Number of protein chains: 2
Amino acid sequence: MPAARTAPLLRRDASALYDAATAFIRIYQFRDRDQALRFGLTVIQAYTLDLLISAGGQSLTGLARTLRLDKSTMSRVISGMARRALVDWSRPEHDRRAKQIVASAEGKRRYRRLRQAIVRDNARLLLSYSPAARRAAITLLRQLVQRAEGAPPA
Amino acid sequence: MPAARTAPLLRRDASALYDAATAFIRIYQFRDRDQALRFGLTVIQAYTLDLLISAGGQSLTGLARTLRLDKSTMSRVISGMARRALVDWSRPEHDRRAKQIVASAEGKRRYRRLRQAIVRDNARLLLSYSPAARRAAITLLRQLVQRAEGAPPA
DNA sequence: TTGCTTAGTTGTCAATGCCAACTATTTTCC
DNA sequence: GGAAAATAGTTGGCATTGACAACTAAGCAA
């Protein structure tokens, strides 16, 4: 039984998706980085705060796994954030090796402001879409994320 | 005249777009990085090769401008790529300061393979979409890129 | 010619990222 | 209980990325 050759049309669309996704990532990444810097955060610090705020206290290893960073990198990121008073941490009772890391008031404040700035920016981008088109765009991005998560790269 | 307050619905969608775009960027970025590493390239090297192949020879400053990197960073990136024989360069006749940088045969080969791998991956993701839905997804990403490019962040 | 601009390189500093070695704790298992 | 294995974090080393400033060399303009 011959392996099904990828249909030409599908292949063309997959190729176009690559180009579009690459362009999308570059643009939004730079925008987010610039905005984050304006609020005294790096992109990784913003991701970390996002996680800490939405999921509550986390261990260093847990953060590293979610953010797909090496635990050594995560350790240094958290060090830096603690030095800048963006996070607090404590030793949980049940495991004296671990760190229980939470966003500090200052960390929450900065993240909230950053998010507001980006959301305002997004609102400008979405202004000329109809409400239905806006919802479609968001649904679509979510779908692509879901599928990529479900089907890890080879 | 009071500044128009952003409509609540628009604001909610803009917020959802932020979350969806962030998730999208993280997933695709990691996937692309892992794939690139598999072919002995970094993400920036892949972007650089993409540019060099699609746009022909480029100056260092031109590359830096397009990729939004500092010229010092670009200089070191190109140094590394030249060391690994991914690019070639020469001095143009009319300006003996400048570098005319092109992708080498090896650079083209690696980029082609990387692109094929990612496109294959994308094809898997798109398999369950109808052709119309696929096209819609691509069009939508392109639109978001266009708008973000047209409306720089504040 | 003199001075201004442009192209690229190099130095410094900090952050990111990977791997490996290390300490300290907890868990497993005999 | 106690030795061995697993786990949580830290630190050191190395390379890359990225910002900024100082520098060389070449082109351009007055």
# chains A, B, ... in the order shown; residues from 1 in each chain; ligands from 1
$ select_by_dssp --residues "chain A" --states "helix (DSSP H, G or I)" --output "PyMOL selection string"
chain A and resi 8-38+43-55+60-67+71-83+105-126+131-150
$ residues_around --residues "DC18 (chain C)" --least-positions-apart "5" --cutoff "10 Å" --atoms "only C-alpha atoms (C1' of nucleotides)" --output "list in words"
Leu69, Asp70, Ser72 and Thr73 of chain A; DC14 and DA15 of chain D
$ write_last_selection --atoms "N, CA and C atoms (P, O5', C5', C4', C3', O3' and C1' of nucleotides)" --output "PDB file, in the first residue's frame"
ATOM      1  N   LEU A  69      11.289  25.865  29.509  1.00  0.00           N
ATOM      2  CA  LEU A  69      12.650  26.350  29.731  1.00  0.00           C
ATOM      3  C   LEU A  69      13.400  25.325  30.564  1.00  0.00           C
ATOM      4  N   ASP A  70      14.711  25.334  30.442  1.00  0.00           N
ATOM      5  CA  ASP A  70      15.533  24.502  31.297  1.00  0.00           C
ATOM      6  C   ASP A  70      15.391  25.009  32.728  1.00  0.00           C
ATOM      7  N   SER A  72      17.546  25.381  34.922  1.00  0.00           N
ATOM      8  CA  SER A  72      18.608  26.328  35.264  1.00  0.00           C
ATOM      9  C   SER A  72      18.248  27.728  34.767  1.00  0.00           C
ATOM     10  N   THR A  73      17.706  27.803  33.569  1.00  0.00           N
ATOM     11  CA  THR A  73      17.274  29.102  33.043  1.00  0.00           C
ATOM     12  C   THR A  73      16.164  29.674  33.920  1.00  0.00           C
TER      13      THR A  73
ATOM     14  P    DC D  14      34.410  27.246  29.473  1.00  0.00           P
ATOM     15  O5'  DC D  14      33.353  27.366  28.290  1.00  0.00           O
ATOM     16  C5'  DC D  14      32.850  26.165  27.689  1.00  0.00           C
ATOM     17  C4'  DC D  14      31.708  26.509  26.756  1.00  0.00           C
ATOM     18  C3'  DC D  14      32.003  27.714  25.848  1.00  0.00           C
ATOM     19  O3'  DC D  14      31.819  27.359  24.495  1.00  0.00           O
ATOM     20  C1'  DC D  14      29.886  27.915  26.884  1.00  0.00           C
ATOM     21  P    DA D  15      32.263  28.354  23.334  1.00  0.00           P
ATOM     22  O5'  DA D  15      30.881  28.729  22.660  1.00  0.00           O
ATOM     23  C5'  DA D  15      30.017  27.687  22.222  1.00  0.00           C
ATOM     24  C4'  DA D  15      28.676  28.280  21.883  1.00  0.00           C
ATOM     25  C3'  DA D  15      28.766  29.518  20.975  1.00  0.00           C
ATOM     26  O3'  DA D  15      27.871  29.361  19.900  1.00  0.00           O
ATOM     27  C1'  DA D  15      27.476  29.986  22.907  1.00  0.00           C
TER      28       DA D  15
END
$ residues_around --residues "Lys71 (chain A)" --least-positions-apart "4" --cutoff "8 Å" --atoms "only C-alpha atoms (C1' of nucleotides)" --output "list in words"
Leu60, Thr61, Ala64 and Ser75 of chain A
$ write_last_selection --atoms "C-alpha atoms" --output "short mmCIF file (atom, residue, chain, number, x, y, z; two decimals), in the first residue's frame"
data_model
loop_
_atom_site.label_atom_id
_atom_site.label_comp_id
_atom_site.auth_asym_id
_atom_site.auth_seq_id
_atom_site.Cartn_x
_atom_site.Cartn_y
_atom_site.Cartn_z
CA LEU A 60 10.21 26.42 39.80
CA THR A 61 10.12 23.09 38.02
CA ALA A 64 9.99 25.58 33.69
CA SER A 75 16.12 29.47 38.26
#
$ closest_residue --among "D:DG9, D:DT17, D:DA22, D:DG27" --to "chain A" --atoms "only C-alpha atoms (C1' of nucleotides)"
D:DG9
$ residues_around --residues "Gln29 (chain B)" --least-positions-apart "2" --cutoff "12 Å" --atoms "only C-alpha atoms (C1' of nucleotides)" --output "VMD selection string"
(chain A and resid 18 21 to 26 28 to 29 67 to 68 145 148 153) or (chain B and resid 21 to 27 31 to 36 42 to 44 118)
$ atom_distance --atom1 "CA of Arg83 (chain A)" --atom2 "CA of Phe30 (chain A)"
25.5 Å
$ residues_around --residues "Leu86 (chain B)" --least-positions-apart "3" --cutoff "7 Å" --atoms "only C-alpha atoms (C1' of nucleotides)" --output "MDAnalysis selection string"
chainID B and resid 81:82 103:104 106:107
$ write_last_selection --atoms "N, CA and C atoms" --output "PDB file, in the first residue's frame"
ATOM      1  N   MET B  81      27.321  32.540  10.515  1.00  0.00           N
ATOM      2  CA  MET B  81      26.815  31.811   9.355  1.00  0.00           C
ATOM      3  C   MET B  81      27.904  31.621   8.309  1.00  0.00           C
ATOM      4  N   ALA B  82      28.771  32.606   8.166  1.00  0.00           N
ATOM      5  CA  ALA B  82      29.872  32.475   7.217  1.00  0.00           C
ATOM      6  C   ALA B  82      30.841  31.390   7.700  1.00  0.00           C
ATOM      7  N   ALA B 103      22.953  33.489   0.176  1.00  0.00           N
ATOM      8  CA  ALA B 103      22.891  32.156   0.766  1.00  0.00           C
ATOM      9  C   ALA B 103      23.811  31.236  -0.017  1.00  0.00           C
ATOM     10  N   SER B 104      24.572  30.420   0.671  1.00  0.00           N
ATOM     11  CA  SER B 104      25.420  29.435  -0.009  1.00  0.00           C
ATOM     12  C   SER B 104      24.576  28.234  -0.412  1.00  0.00           C
ATOM     13  N   GLU B 106      24.919  25.239   0.570  1.00  0.00           N
ATOM     14  CA  GLU B 106      24.619  24.514   1.806  1.00  0.00           C
ATOM     15  C   GLU B 106      23.502  25.206   2.588  1.00  0.00           C
ATOM     16  N   GLY B 107      23.572  26.534   2.657  1.00  0.00           N
ATOM     17  CA  GLY B 107      22.534  27.290   3.352  1.00  0.00           C
ATOM     18  C   GLY B 107      21.172  27.057   2.706  1.00  0.00           C
TER      19      GLY B 107
END
$ residues_around --residues "Arg97 (chain B)" --least-positions-apart "6" --cutoff "10 Å" --atoms "only C-alpha atoms (C1' of nucleotides)" --output "NGL selection string"
(:B and (91)) or (:C and (6-8)) or (:D and (25-27))
$ closest_residue --among "D:DA8, D:DT24, D:DG13, D:DA30" --to "chain A" --atoms "only C-alpha atoms (C1' of nucleotides)"
D:DA8
$ closest_residue --among "A:Ser15, A:Ser59, A:Ser54, A:Thr48" --to "chain D" --atoms "only C-alpha atoms (C1' of nucleotides)"
A:Ser59
$ select_by_dssp --residues "chain B" --states "strand (DSSP E or B)" --output "count of residues only"
9
$ interface_residues --of "chain C" --to "chain A" --cutoff "12 Å" --atoms "only C-alpha atoms (C1' of nucleotides)" --output "VMD selection string"
chain C and resid 14 to 20 23 to 27
$ write_last_selection --atoms "C-alpha atoms (C1' of nucleotides)" --output "mmCIF file, in the first residue's frame"
data_model
loop_
_atom_site.group_PDB
_atom_site.id
_atom_site.type_symbol
_atom_site.label_atom_id
_atom_site.label_comp_id
_atom_site.auth_asym_id
_atom_site.auth_seq_id
_atom_site.Cartn_x
_atom_site.Cartn_y
_atom_site.Cartn_z
ATOM 1 C "C1'" DA C 14 23.049 41.567 30.658
ATOM 2 C "C1'" DA C 15 19.716 37.984 29.471
ATOM 3 C "C1'" DT C 16 18.642 33.504 27.376
ATOM 4 C "C1'" DG C 17 19.403 28.673 26.705
ATOM 5 C "C1'" DC C 18 21.745 24.054 27.131
ATOM 6 C "C1'" DC C 19 24.339 20.700 29.537
ATOM 7 C "C1'" DA C 20 26.598 18.841 33.367
ATOM 8 C "C1'" DT C 23 23.901 20.042 47.340
ATOM 9 C "C1'" DA C 24 19.993 19.094 49.921
ATOM 10 C "C1'" DT C 25 15.873 16.877 50.580
ATOM 11 C "C1'" DT C 26 12.397 13.326 49.868
ATOM 12 C "C1'" DT C 27 10.885 8.834 48.453
#
$ interface_residues --of "chain D" --to "chain A" --cutoff "12 Å" --atoms "only C-alpha atoms (C1' of nucleotides)" --output "list in words"
DT7, DA8, DG9, DT10, DT11, DG12 and DG18 of chain D
$ write_last_selection --atoms "C-alpha atoms (C1' of nucleotides)" --output "mmCIF file, in the first residue's frame"
data_model
loop_
_atom_site.group_PDB
_atom_site.id
_atom_site.type_symbol
_atom_site.label_atom_id
_atom_site.label_comp_id
_atom_site.auth_asym_id
_atom_site.auth_seq_id
_atom_site.Cartn_x
_atom_site.Cartn_y
_atom_site.Cartn_z
ATOM 1 C "C1'" DT D 7 13.526 15.078 42.806
ATOM 2 C "C1'" DA D 8 14.132 20.398 43.622
ATOM 3 C "C1'" DG D 9 17.141 23.924 42.945
ATOM 4 C "C1'" DT D 10 21.738 26.185 42.288
ATOM 5 C "C1'" DT D 11 25.928 27.055 40.011
ATOM 6 C "C1'" DG D 12 29.597 26.930 36.389
ATOM 7 C "C1'" DG D 18 20.406 41.996 21.941
#
$ closest_residue --among "A:Val87, A:Leu37, A:Ala133, A:Leu125" --to "chain B" --atoms "only C-alpha atoms"
A:Leu125
$ atom_distance --atom1 "CA of Leu51 (chain A)" --atom2 "CA of Pro92 (chain A)"
19.0 Å
$ atom_distance --atom1 "CA of Ala123 (chain B)" --atom2 "CA of Arg11 (chain A)"
6.2 Å
$ closest_residue --among "A:Asp88, A:Asp13, A:Asp50, A:Glu93" --to "chain B" --atoms "only C-alpha atoms"
A:Asp13
